[in-house]
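Pasting target_36.cif here (mmCIF, C-alpha atoms):
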data_input
#
loop_
_atom_site.label_atom_id
_atom_site.label_comp_id
_atom_site.auth_asym_id
_atom_site.auth_seq_id
_atom_site.Cartn_x
_atom_site.Cartn_y
_atom_site.Cartn_z
CA MET A 24 0.00 0.00 0.00
CA THR A 25 2.99 2.22 0.59
CA ILE A 26 4.09 2.24 -3.01
CA PRO A 27 0.72 3.33 -4.45
CA LEU A 28 0.66 6.12 -1.92
CA LEU A 29 4.16 7.15 -2.89
CA ILE A 30 3.20 7.07 -6.55
CA ALA A 31 0.21 9.25 -5.83
CA ALA A 32 2.47 11.56 -3.86
CA THR A 33 4.87 11.94 -6.76
CA LEU A 34 1.99 12.71 -9.10
CA LEU A 35 0.72 15.33 -6.73
CA LEU A 36 4.21 16.72 -6.44
CA GLN A 37 4.33 16.88 -10.23
CA ARG A 38 1.10 18.81 -10.12
CA LEU A 39 2.55 21.19 -7.61
CA LEU A 40 5.67 21.70 -9.72
CA GLY A 41 3.49 23.12 -12.42
CA ALA A 42 1.69 25.46 -10.11
CA PRO A 43 1.74 29.16 -10.98
CA GLY A 44 4.56 31.06 -9.36
CA GLY A 45 7.04 28.21 -9.59
CA PRO A 46 10.21 28.32 -11.67
CA PRO A 47 9.55 27.76 -15.40
CA TRP A 48 11.82 24.72 -15.56
CA SER A 49 10.07 22.93 -12.74
CA GLY A 50 7.52 21.44 -15.08
CA LEU A 51 10.28 19.83 -17.13
CA LEU A 52 11.10 17.39 -14.37
CA LEU A 53 9.08 14.17 -14.54
CA VAL A 54 9.00 13.19 -10.90
CA PRO A 55 7.11 9.87 -11.27
CA MET A 56 9.78 8.61 -13.63
CA VAL A 57 11.52 6.89 -10.72
CA TRP A 58 8.59 4.47 -10.60
CA VAL A 59 9.39 3.41 -14.09
CA VAL A 60 13.17 3.38 -13.87
CA GLY A 61 13.41 1.82 -10.45
CA PRO A 62 11.30 -1.30 -10.99
CA ALA A 63 13.07 -1.92 -14.33
CA LEU A 64 16.52 -1.78 -12.72
CA LEU A 65 15.52 -3.63 -9.61
CA GLY A 66 13.85 -6.41 -11.56
CA TRP A 67 10.40 -6.06 -10.13
CA GLY A 68 8.86 -7.82 -13.05
CA ARG A 69 6.59 -7.34 -16.01
CA ARG A 70 3.61 -6.19 -14.01
CA TRP A 71 5.30 -2.82 -13.61
CA VAL A 72 4.42 -2.06 -17.18
CA TRP A 73 0.82 -2.02 -16.01
CA ILE A 74 1.85 0.12 -13.10
CA GLY A 75 3.44 2.45 -15.67
CA LEU A 76 0.11 2.47 -17.45
CA ALA A 77 -1.62 3.44 -14.25
CA ILE A 78 0.94 6.18 -13.62
CA GLY A 79 0.26 7.46 -17.13
CA LEU A 80 -3.47 7.48 -16.49
CA GLY A 81 -2.86 9.40 -13.31
CA TRP A 82 -0.66 11.78 -15.21
CA ASP A 83 -3.42 12.33 -17.74
CA LEU A 84 -6.00 12.85 -15.04
CA LEU A 85 -3.94 15.39 -13.18
CA LEU A 86 -1.95 17.10 -15.88
CA GLU A 87 -3.47 16.59 -19.33
CA PRO A 88 -6.75 17.57 -20.97
CA ILE A 89 -7.10 14.24 -22.72
CA ILE A 90 -6.91 10.90 -20.99
CA GLY A 91 -5.08 8.17 -22.90
CA PRO A 92 -1.92 9.40 -24.62
CA GLY A 93 -0.07 9.79 -21.32
CA ALA A 94 -0.90 6.24 -20.33
CA ILE A 95 0.39 5.03 -23.68
CA ALA A 96 3.60 7.02 -23.31
CA TRP A 97 4.35 5.92 -19.75
CA SER A 98 3.59 2.29 -20.41
CA ALA A 99 5.71 2.40 -23.56
CA SER A 100 8.55 3.81 -21.56
CA ALA A 101 8.14 1.13 -18.91
CA LEU A 102 8.05 -1.55 -21.59
CA PHE A 103 11.21 -0.28 -23.22
CA LEU A 104 13.06 -0.05 -19.91
CA LEU A 105 11.98 -3.58 -19.09
CA TRP A 106 13.65 -4.75 -22.26
CA LEU A 107 16.65 -2.47 -21.77
CA ALA A 108 17.20 -3.78 -18.27
CA SER A 109 17.30 -7.28 -19.62
CA ILE A 110 20.33 -6.47 -21.76
CA VAL A 111 22.11 -4.01 -19.45
CA ALA A 112 23.77 -5.46 -16.36
CA ASP A 113 24.68 -2.19 -14.70
CA ARG A 114 22.50 -1.25 -11.75
CA SER A 115 24.60 1.62 -10.46
CA PRO A 116 23.39 5.22 -10.12
CA LYS A 117 24.81 5.82 -13.57
CA ALA A 118 22.37 3.25 -14.90
CA TRP A 119 19.60 5.15 -13.09
CA LEU A 120 20.82 8.27 -14.84
CA ALA A 121 20.87 6.66 -18.29
CA PHE A 122 17.59 4.84 -17.82
CA GLY A 123 15.95 8.01 -16.60
CA ALA A 124 17.18 9.91 -19.62
CA VAL A 125 15.97 7.27 -22.05
CA ALA A 126 12.64 6.85 -20.31
CA THR A 127 12.03 10.60 -20.28
CA ALA A 128 12.78 10.94 -23.98
CA ILE A 129 10.46 8.04 -24.73
CA VAL A 130 7.64 9.43 -22.63
CA ILE A 131 7.82 12.85 -24.27
CA LEU A 132 8.19 11.58 -27.84
CA VAL A 133 5.57 8.82 -27.55
CA HIS A 134 3.17 11.25 -25.94
CA ARG A 135 3.57 13.56 -28.95
CA LEU A 136 3.11 10.63 -31.31
CA ALA A 137 -0.05 9.49 -29.50
CA LEU A 138 -1.49 12.97 -29.86
CA LEU A 139 -0.84 13.16 -33.61
CA PRO A 140 -3.84 10.99 -34.71
CA LEU A 141 -6.08 13.19 -32.60
CA GLY A 142 -5.07 16.21 -34.65
CA VAL A 143 -3.23 17.73 -31.72
CA ILE A 144 0.20 18.72 -32.96
CA ARG A 145 2.42 19.61 -30.09
CA PRO A 146 5.84 20.43 -31.55
CA VAL A 147 8.86 19.00 -29.79
CA GLY A 148 11.06 21.72 -28.41
CA TRP A 149 14.45 20.11 -28.51
CA ILE A 150 15.87 22.37 -25.84
CA ASP A 151 12.96 21.67 -23.56
CA LEU A 152 13.30 18.01 -24.37
CA ALA A 153 17.00 18.07 -23.51
CA MET A 154 16.38 19.95 -20.30
CA SER A 155 13.59 17.63 -19.34
CA VAL A 156 15.75 14.62 -20.08
CA ALA A 157 18.63 16.08 -18.11
CA ALA A 158 16.53 17.11 -15.12
CA THR A 159 14.67 13.82 -14.91
CA ALA A 160 17.86 11.84 -15.43
CA LEU A 161 19.49 13.72 -12.59
CA TRP A 162 16.41 13.12 -10.46
CA CYS A 163 16.61 9.40 -11.17
CA PHE A 164 20.37 9.45 -10.59
CA SER A 165 19.84 11.09 -7.23
CA VAL A 166 17.27 8.52 -6.25
CA GLY A 167 19.57 5.74 -7.42
CA TRP A 168 22.51 7.25 -5.57
CA ILE A 169 20.53 7.63 -2.38
CA ARG A 170 19.34 4.10 -2.73
CA SER A 171 22.90 2.89 -3.26
CA LEU A 172 23.87 4.51 0.01
CA ASP A 173 21.58 2.05 1.74
CA LEU A 174 20.64 4.53 4.43
CA PRO A 175 18.76 2.06 6.63
CA LYS A 176 21.82 -0.09 6.87
CA ARG A 177 23.98 2.93 7.75
CA TRP A 178 21.37 4.04 10.24
CA ARG A 179 21.32 0.65 11.88
CA ALA A 180 25.12 0.64 12.00
CA ARG A 181 25.20 4.07 13.47
CA ARG A 182 22.70 3.13 16.13
CA ALA A 183 24.67 0.05 16.96
CA ARG A 184 27.80 2.13 17.40
CA THR A 185 26.10 4.68 19.59
CA LEU A 186 24.52 1.98 21.75
CA ARG A 187 27.90 0.58 22.54
CA MET B 13 2.03 -17.95 -28.76
CA THR B 14 4.59 -17.33 -26.09
CA GLU B 15 3.83 -15.48 -22.91
CA VAL B 16 5.89 -12.49 -23.97
CA ARG B 17 4.02 -12.15 -27.24
CA LEU B 18 0.73 -12.42 -25.43
CA PHE B 19 1.85 -9.74 -23.05
CA LEU B 20 2.91 -7.46 -25.90
CA LEU B 21 -0.38 -8.08 -27.67
CA ARG B 22 -2.29 -7.11 -24.57
CA ILE B 23 -0.25 -3.94 -24.23
CA ALA B 24 -0.90 -3.07 -27.86
CA LEU B 25 -4.62 -3.66 -27.44
CA VAL B 26 -4.67 -1.46 -24.37
CA TRP B 27 -2.86 1.25 -26.32
CA VAL B 28 -5.46 1.07 -29.06
CA VAL B 29 -8.25 1.31 -26.51
CA LEU B 30 -6.55 4.26 -24.86
CA GLU B 31 -6.13 6.02 -28.20
CA LEU B 32 -9.80 5.48 -28.96
CA LEU B 33 -10.63 6.78 -25.49
CA ALA B 34 -8.58 9.87 -26.20
CA ALA B 35 -10.32 10.26 -29.56
CA THR B 36 -13.69 10.36 -27.84
CA GLN B 37 -12.47 13.30 -25.78
CA ALA B 38 -10.51 15.25 -28.38
CA VAL B 39 -12.37 17.78 -30.47
CA THR B 40 -11.41 19.01 -33.93
CA PRO B 41 -11.18 22.76 -34.68
CA GLU B 42 -14.59 22.38 -36.31
CA GLY B 43 -16.04 21.23 -33.02
CA GLU B 44 -16.38 17.63 -34.05
CA ARG B 45 -15.33 14.70 -31.95
CA VAL B 46 -12.19 13.05 -33.37
CA ALA B 47 -13.68 9.62 -32.80
CA TRP B 48 -16.73 10.57 -34.83
CA ARG B 49 -14.50 11.84 -37.63
CA TRP B 50 -12.54 8.59 -37.53
CA ALA B 51 -15.73 6.61 -37.70
CA ARG B 52 -16.95 8.73 -40.56
CA THR B 53 -13.63 8.42 -42.38
CA ALA B 54 -13.63 4.68 -41.87
CA ALA B 55 -17.23 4.37 -42.99
CA GLN B 56 -16.78 6.59 -46.03
CA PRO B 57 -15.09 3.92 -48.19
CA LEU B 58 -17.77 1.46 -47.10
CA ALA B 59 -20.50 3.92 -48.02
CA LEU B 60 -18.79 4.64 -51.31
CA GLY B 61 -18.37 0.91 -51.85
CA ALA B 62 -22.03 0.29 -51.03
CA SER B 63 -23.06 3.14 -53.31
CA GLY B 64 -20.76 1.85 -56.01
CA ALA B 65 -22.06 -1.68 -55.51
CA GLY B 66 -25.62 -0.41 -55.80
CA SER B 67 -24.73 1.44 -58.96
CA VAL B 68 -22.97 -1.61 -60.29
CA ALA B 69 -25.98 -3.76 -59.40
CA VAL B 70 -28.27 -1.37 -61.27
CA ASP B 71 -25.90 -1.35 -64.22
CA VAL B 72 -25.67 -5.12 -64.15
CA ALA B 73 -29.46 -5.42 -63.99
CA ASP B 74 -29.77 -3.00 -66.91
CA ALA B 75 -27.10 -4.88 -68.78
CA VAL B 76 -28.82 -8.20 -68.15
CA ARG B 77 -32.17 -6.78 -69.25
CA GLU B 78 -30.64 -5.21 -72.34
CA ALA B 79 -28.72 -8.38 -73.05
CA GLY B 80 -31.97 -10.33 -72.82
CA GLN B 81 -33.64 -7.85 -75.16
CA LEU B 82 -30.67 -8.07 -77.45
CA LEU B 83 -30.89 -11.83 -77.44
CA VAL B 84 -34.58 -11.66 -78.29
CA ASP B 85 -33.88 -9.12 -81.03
CA ASN B 86 -30.99 -11.18 -82.24
CA ARG B 87 -33.14 -14.29 -82.42
CA ARG B 88 -35.93 -12.41 -84.20
CA LEU B 89 -33.47 -10.88 -86.64
CA ARG B 90 -31.89 -14.24 -87.20
CA LEU B 91 -35.28 -15.74 -87.97
CA GLU B 92 -36.06 -12.83 -90.27
CA MET B 93 -32.70 -13.26 -91.93
CA GLU B 94 -33.35 -16.95 -92.42
CA GLU B 95 -36.76 -16.14 -93.85
CA LEU B 96 -35.28 -13.55 -96.16
CA ARG B 97 -32.55 -15.94 -97.17
CA THR B 98 -35.14 -18.57 -97.95
CA ARG B 99 -37.18 -16.05 -99.88
CA ASN B 100 -34.06 -14.99 -101.69
CA LEU B 101 -33.34 -18.58 -102.60
CA LEU B 102 -36.91 -19.04 -103.77
CA LEU B 103 -36.75 -15.82 -105.75
CA ARG B 104 -33.45 -16.79 -107.28
CA GLU B 105 -34.92 -20.13 -108.10
CA ASP B 106 -37.96 -18.43 -109.61
CA LEU B 107 -35.73 -16.06 -111.52
CA ALA B 108 -33.62 -18.92 -112.81
CA ALA B 109 -36.81 -20.75 -113.75
CA LEU B 110 -38.10 -17.69 -115.58
CA ARG B 111 -34.85 -17.32 -117.46
CA GLU B 112 -34.84 -20.99 -118.25
CA GLY B 113 -38.44 -20.81 -119.38
CA SER B 114 -37.67 -17.77 -121.51
CA ARG B 115 -34.77 -19.54 -123.16
CA LEU B 116 -36.92 -22.59 -123.62
CA VAL B 117 -39.67 -20.58 -125.26
CA ASP B 118 -37.11 -18.96 -127.53
CA THR B 119 -35.75 -22.36 -128.44
CA VAL B 120 -39.00 -23.67 -129.85
CA VAL B 121 -40.21 -21.87 -132.93
CA GLY B 122 -43.84 -21.45 -133.83
CA LEU B 123 -45.45 -22.26 -130.51
CA GLU B 124 -49.21 -22.31 -130.38
CA SER B 125 -51.07 -20.08 -127.97
CA ALA B 126 -52.27 -23.13 -126.07
CA THR B 127 -48.73 -24.01 -125.12
CA ALA B 128 -48.35 -24.00 -121.38
CA VAL B 129 -45.29 -23.41 -119.29
CA GLY B 130 -44.98 -25.70 -116.33
CA ARG B 131 -42.87 -25.45 -113.24
CA CYS B 132 -41.28 -28.65 -112.11
CA VAL B 133 -42.14 -29.16 -108.43
CA PHE B 134 -41.08 -32.75 -108.03
CA ARG B 135 -38.78 -35.00 -109.96
CA ASP B 136 -37.78 -38.60 -109.56
CA PRO B 137 -35.56 -39.39 -112.52
CA THR B 138 -34.65 -42.83 -111.26
CA ARG B 139 -38.28 -43.86 -111.35
CA GLY B 140 -38.90 -41.84 -114.45
CA ARG B 141 -41.56 -39.47 -113.20
CA MET B 142 -42.00 -35.81 -112.58
CA GLU B 143 -44.71 -33.51 -111.25
CA VAL B 144 -45.27 -30.24 -112.99
CA ARG B 145 -47.36 -27.30 -111.76
CA VAL B 146 -49.17 -25.57 -114.60
CA GLU B 147 -51.15 -22.34 -114.54
CA SER B 148 -53.57 -23.36 -117.25
CA PRO B 149 -57.33 -22.74 -117.37
CA SER B 150 -57.91 -26.08 -119.08
CA THR B 151 -56.87 -29.53 -118.03
CA ILE B 152 -53.73 -30.76 -119.67
CA PRO B 153 -54.71 -33.86 -121.69
CA LYS B 154 -52.94 -37.15 -121.37
CA ASP B 155 -50.00 -37.83 -123.71
CA THR B 156 -49.24 -34.14 -124.06
CA PRO B 157 -45.59 -33.85 -125.04
CA VAL B 158 -43.35 -32.19 -122.47
CA LEU B 159 -40.28 -30.32 -123.59
CA GLY B 160 -37.39 -29.08 -121.53
CA PRO B 161 -34.11 -27.30 -122.08
CA GLY B 162 -32.17 -29.64 -124.34
CA GLY B 163 -35.06 -31.51 -125.87
CA LEU B 164 -37.85 -33.90 -125.10
CA VAL B 165 -38.67 -34.68 -121.46
CA GLY B 166 -41.55 -37.08 -121.77
CA ARG B 167 -45.31 -37.14 -121.89
CA VAL B 168 -48.17 -36.37 -119.59
CA VAL B 169 -49.64 -39.42 -117.98
CA GLU B 170 -52.03 -37.73 -115.65
CA GLY B 171 -53.38 -34.24 -115.29
CA ARG B 172 -55.25 -33.10 -112.18
CA GLY B 173 -56.09 -29.47 -112.33
CA GLY B 174 -52.87 -27.52 -112.09
CA SER B 175 -50.83 -30.58 -111.23
CA VAL B 176 -49.51 -32.72 -114.06
CA TRP B 177 -47.59 -35.96 -113.80
CA VAL B 178 -45.08 -36.61 -116.51
CA GLN B 179 -43.56 -39.90 -117.57
CA LEU B 180 -39.92 -39.26 -118.40
CA LEU B 181 -38.10 -40.71 -121.37
CA THR B 182 -35.99 -42.72 -119.00
CA HIS B 183 -38.97 -44.56 -117.54
CA PRO B 184 -38.53 -48.29 -118.24
CA ALA B 185 -41.91 -48.37 -119.94
CA ALA B 186 -41.31 -45.31 -122.09
CA ALA B 187 -40.71 -45.64 -125.81
CA THR B 188 -40.19 -42.84 -128.27
CA ALA B 189 -40.03 -43.01 -132.04
CA VAL B 190 -36.83 -41.32 -133.09
CA GLN B 191 -34.77 -40.73 -136.16
CA THR B 192 -31.48 -39.22 -136.98
CA ALA B 193 -31.45 -35.54 -137.75
CA ASN B 194 -31.31 -36.16 -141.47
CA GLY B 195 -34.04 -38.78 -141.25
CA SER B 196 -31.93 -41.59 -142.68
CA LEU B 197 -32.43 -43.90 -139.73
CA GLN B 198 -35.61 -44.67 -137.85
CA ALA B 199 -35.47 -46.21 -134.41
CA LEU B 200 -37.14 -46.54 -131.06
CA ALA B 201 -35.65 -44.96 -127.91
CA THR B 202 -36.65 -46.82 -124.78
CA GLY B 203 -36.07 -45.97 -121.15
CA THR B 204 -33.71 -47.97 -119.04
CA GLY B 205 -34.55 -46.66 -115.60
CA ARG B 206 -31.29 -44.76 -115.54
CA THR B 207 -31.27 -41.01 -115.88
CA ASP B 208 -28.29 -40.92 -118.20
CA ARG B 209 -29.15 -43.71 -120.60
CA LEU B 210 -31.58 -44.60 -123.31
CA ASP B 211 -31.47 -47.65 -125.48
CA VAL B 212 -31.95 -46.95 -129.15
CA GLN B 213 -33.32 -50.05 -130.77
CA TYR B 214 -33.91 -51.38 -134.25
CA ILE B 215 -30.93 -49.78 -135.89
CA PRO B 216 -29.63 -52.09 -138.59
CA ARG B 217 -26.07 -53.36 -138.41
CA THR B 218 -25.36 -51.69 -141.69
CA ALA B 219 -26.49 -48.31 -140.50
CA ASP B 220 -24.11 -45.41 -140.85
CA LEU B 221 -24.15 -44.15 -137.27
CA LEU B 222 -21.49 -42.33 -135.31
CA GLN B 223 -21.02 -41.43 -131.69
CA GLY B 224 -22.47 -38.05 -130.87
CA GLU B 225 -25.16 -38.28 -133.45
CA VAL B 226 -28.40 -36.73 -132.26
CA PHE B 227 -31.71 -38.49 -132.43
CA VAL B 228 -34.84 -36.41 -132.76
CA THR B 229 -38.46 -37.41 -132.57
CA SER B 230 -39.82 -38.81 -135.77
CA GLY B 231 -43.52 -38.40 -134.96
CA ALA B 232 -44.17 -42.01 -135.95
CA ASP B 233 -45.53 -42.85 -132.47
CA GLY B 234 -48.38 -40.38 -132.85
CA ILE B 235 -47.54 -38.76 -129.55
CA TYR B 236 -44.53 -36.57 -130.10
CA PRO B 237 -44.24 -34.18 -133.00
CA ALA B 238 -41.25 -34.62 -135.25
CA GLY B 239 -38.00 -32.74 -134.87
CA ILE B 240 -37.59 -32.54 -131.10
CA PRO B 241 -34.10 -33.56 -129.90
CA VAL B 242 -34.22 -36.65 -127.75
CA ALA B 243 -30.74 -38.03 -127.16
CA SER B 244 -27.24 -38.28 -128.56
CA VAL B 245 -25.37 -41.49 -129.19
CA VAL B 246 -22.67 -42.43 -126.68
CA SER B 247 -21.92 -46.00 -127.60
CA ILE B 248 -22.50 -48.34 -130.51
CA ARG B 249 -21.86 -52.05 -130.29
CA GLU B 250 -22.44 -54.86 -132.67
CA SER B 251 -23.97 -58.03 -131.34
CA GLU B 252 -25.25 -61.32 -132.63
CA GLU B 253 -28.61 -59.74 -133.02
CA ALA B 254 -29.71 -58.21 -136.26
CA PHE B 255 -29.52 -54.74 -134.83
CA LEU B 256 -26.85 -52.64 -133.25
CA GLU B 257 -26.78 -52.05 -129.54
CA VAL B 258 -26.90 -48.28 -129.39
CA ARG B 259 -26.91 -46.35 -126.19
CA ALA B 260 -27.70 -42.68 -126.00
CA VAL B 261 -27.75 -40.00 -123.34
CA PRO B 262 -30.90 -37.87 -123.06
CA GLY B 263 -30.56 -34.28 -124.14
CA VAL B 264 -32.33 -33.13 -120.99
CA GLU B 265 -30.72 -33.12 -117.60
CA PHE B 266 -33.66 -34.38 -115.59
CA ALA B 267 -32.05 -33.63 -112.26
CA ARG B 268 -31.66 -29.94 -113.05
CA ILE B 269 -34.78 -29.25 -114.97
CA ARG B 270 -36.92 -26.38 -113.64
CA VAL B 271 -39.27 -25.39 -116.40
CA VAL B 272 -40.96 -27.40 -119.09
CA LEU B 273 -43.20 -26.66 -122.02
CA LEU B 274 -46.38 -28.59 -122.48
CA LEU B 275 -47.60 -28.71 -126.05
CA PRO B 276 -51.28 -29.67 -126.00
CA VAL B 277 -51.79 -28.75 -129.62
CA MET B 278 -49.05 -31.08 -130.68
CA ALA B 279 -50.74 -33.81 -128.82
CA LYS B 280 -53.45 -33.65 -131.34
CA GLY B 281 -50.97 -34.25 -134.12
CA ALA B 282 -49.84 -30.77 -135.02
CA ALA B 283 -46.14 -30.30 -135.57
CA PRO B 284 -44.08 -27.54 -134.03
CA GLY B 285 -42.46 -24.96 -136.18
CA GLY B 286 -39.00 -26.22 -135.38
CA TRP B 287 -36.31 -26.58 -132.73
CA GLN B 288 -33.46 -24.18 -132.57
#

Rewritten as structure tokens:
Amino acid sequence: MTIPLLIAATLLLQRLLGAPGGPPWSGLLLVPMVWVVGPALLGWGRRWVWIGLAIGLGWDLLLEPIIGPGAIAWSASALFLLWLASIVADRSPKAWLAFGAVATAIVILVHRLALLPLGVIRPVGWIDLAMSVAATALWCFSVGWIRSLDLPKRWRARRARTLR
Amino acid sequence: MTEVRLFLLRIALVWVVLELLAATQAVTPEGERVAWRWARTAAQPLALGASGAGSVAVDVADAVREAGQLLVDNRRLRLEMEELRTRNLLLREDLAALREGSRLVDTVVGLESATAVGRCVFRDPTRGRMEVRVESPSTIPKDTPVLGPGGLVGRVVEGRGGSVWVQLLTHPAAATAVQTANGSLQALATGTGRTDRLDVQYIPRTADLLQGEVFVTSGADGIYPAGIPVASVVSIRESEEAFLEVRAVPGVEFARIRVVLLLPVMAKGAAPGGWQ
């Protein structure tokens, strides 16, 4: 139950990032991307593609006028990362960085493609795309780095030292 | 299908459903739902196809109806053509008969007014008989001589109104008194039952007779007037008999004869003016 709550929290955070008064670049960061990159790198299985679909639906509900294309884009990204993780052995924060970059590019491009048949042409701003990719990749890298620190283990070790 | 493929197929199906879901929400600049436009675009070829099929069906029905009418017309025209062809043949036959009759009339000099022209409607040369249709107010008497192109044909054996039966020279029972053209030899030409042969009898062995010599009627039989060509000699053979065996071919081609002349006056003993 914790993970769905966390996912919902990231979606709400994404909503808040786009709130008026925030920095203009804040909307370029795709916060829920960690829920696509993480399960792919940690080997949580194929069902996370459906979770990606659900994240996309949530994204559409909260952030888009049309429900559907976001779900397609997020699930496509999750599907691609699932395959990518099967051929890439690296699970370091650098892998989080690369996977985050790839997943972000896929989400943005596939979302544009899914909108094309609807007659909605949303041109790809390559600078925005690059910034979004970079910001999200760094966000994923930071999550991966923090996870690699294994803070609970350090915390338990620290507590053990202080108890002595 | 492997599990992975099934999974990918499911994902693809979900994507399609999601795209359709999005299409139901998206609106075109004209205010039309995108899904409705898709449906219309997808249905347009079907509608065009249905319209085209209807048009084709109407055209096919018209074509079938017209083809049927054409067939009927074609059959009617074919029948008319056959009828016209038959009429043409009959007319050509009539024309040929008229020409033949005209030539025949020109051939015989000094014809009496009672001379009738008959149209051959049936011939059976092998049995030596012929039916002739005559447009004559009076009945043609028995033993009336019948002439055709080339000479003597035979004599009337029965007359029933406009229909006259003629016994041909080739009839086995027919006998005609003949002589050579110069009258030096008298003989009797008898039928053999064959269309191309007459036996000329009672010609003495000492007679001066050559192949190709023409026999004409002598009038001695009291039926045929003198001077009508009958046959020409084709073979002469001596035998132990007192007379020569002479065979002659009739001057008339019985199989091709169309028109004949019936000479009722001659039947009473009058002689024609001559044969050209």

For CA of Ala32 in chain A and CA of Gln37 in chain B, determine how far apart the two atoms are, in Å to one decimal place.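 Computing the Euclidean distance for CA of Ala32 in chain A and CA of Gln37 in chain B yields 26.6 Å.
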
The residues within 8 Å of (-0.8, 10.3, -20.2), using only C-alpha atoms and the coordinates of the file, should be reported as an mmCIF file with C-alpha atoms, keeping the file's coordinate frame; which are they?
data_model
loop_
_atom_site.group_PDB
_atom_site.id
_atom_site.type_symbol
_atom_site.label_atom_id
_atom_site.label_comp_id
_atom_site.auth_asym_id
_atom_site.auth_seq_id
_atom_site.Cartn_x
_atom_site.Cartn_y
_atom_site.Cartn_z
ATOM 1 C CA ILE A 78 0.940 6.180 -13.620
ATOM 2 C CA GLY A 79 0.260 7.460 -17.130
ATOM 3 C CA LEU A 80 -3.470 7.480 -16.490
ATOM 4 C CA GLY A 81 -2.860 9.400 -13.310
ATOM 5 C CA TRP A 82 -0.660 11.780 -15.210
ATOM 6 C CA ASP A 83 -3.420 12.330 -17.740
ATOM 7 C CA LEU A 84 -6.000 12.850 -15.040
ATOM 8 C CA GLU A 87 -3.470 16.590 -19.330
ATOM 9 C CA ILE A 89 -7.100 14.240 -22.720
ATOM 10 C CA ILE A 90 -6.910 10.900 -20.990
ATOM 11 C CA GLY A 91 -5.080 8.170 -22.900
ATOM 12 C CA PRO A 92 -1.920 9.400 -24.620
ATOM 13 C CA GLY A 93 -0.070 9.790 -21.320
ATOM 14 C CA ALA A 94 -0.900 6.240 -20.330
ATOM 15 C CA ILE A 95 0.390 5.030 -23.680
ATOM 16 C CA ALA A 96 3.600 7.020 -23.310
ATOM 17 C CA TRP A 97 4.350 5.920 -19.750
ATOM 18 C CA HIS A 134 3.170 11.250 -25.940
#

Can you pull out every residue within 12 Å of range 74-76 of chain A, counting all atoms listed in the file, but drop anything in the same chain fewer than 4 positions away, and send it as a PyMOL selection string? (chain A and resi 26-27+30-31+55-63+67-70+80-83+90-105+126+130) or (chain B and resi 23-24+26-27+30)

Looking at B:Leu181, B:Ala51, B:Ala34, B:Ala65, which one is nearest to chain A, with distances taken over only C-alpha atoms?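 Between B:Leu181, B:Ala51, B:Ala34, B:Ala65, the residue approaching chain A most closely is B:Ala34.
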
Exercise answer, chain B residues close to chain A, 9 Å and all atoms listed in the file, as a list in words: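 Selected residues: Phe19, Leu20, Ile23, Val26, Trp27, Val28, Val29, Leu30, Glu31, Leu32, Leu33, Ala34, Ala35, Gln37, Ala38, Val39, Thr40, Pro41, Val46 and Ala47 of chain B.
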
Using the chain letters and numbering of this document, enumerate as a ChimeraX atom specification the residues selected by the PyMOL selection byres ((chain B and resi 256) around 9). /B:212-219,248-255,257-258

Pull C-alpha atoms for range 104-128 of chain A from the block and write them as a short mmCIF file (atom, residue, chain, number, x, y, z; two decimals), in the first residue's frame.
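Final output, saved to decode.cif:
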data_model
loop_
_atom_site.label_atom_id
_atom_site.label_comp_id
_atom_site.auth_asym_id
_atom_site.auth_seq_id
_atom_site.Cartn_x
_atom_site.Cartn_y
_atom_site.Cartn_z
CA LEU A 104 13.06 -0.05 -19.91
CA LEU A 105 11.98 -3.58 -19.09
CA TRP A 106 13.65 -4.75 -22.26
CA LEU A 107 16.65 -2.47 -21.77
CA ALA A 108 17.20 -3.78 -18.27
CA SER A 109 17.30 -7.28 -19.62
CA ILE A 110 20.33 -6.47 -21.76
CA VAL A 111 22.11 -4.01 -19.45
CA ALA A 112 23.77 -5.46 -16.36
CA ASP A 113 24.68 -2.19 -14.70
CA ARG A 114 22.50 -1.25 -11.75
CA SER A 115 24.60 1.62 -10.46
CA PRO A 116 23.39 5.22 -10.12
CA LYS A 117 24.81 5.82 -13.57
CA ALA A 118 22.37 3.25 -14.90
CA TRP A 119 19.60 5.15 -13.09
CA LEU A 120 20.82 8.27 -14.84
CA ALA A 121 20.87 6.66 -18.29
CA PHE A 122 17.59 4.84 -17.82
CA GLY A 123 15.95 8.01 -16.60
CA ALA A 124 17.18 9.91 -19.62
CA VAL A 125 15.97 7.27 -22.05
CA ALA A 126 12.64 6.85 -20.31
CA THR A 127 12.03 10.60 -20.28
CA ALA A 128 12.78 10.94 -23.98
#
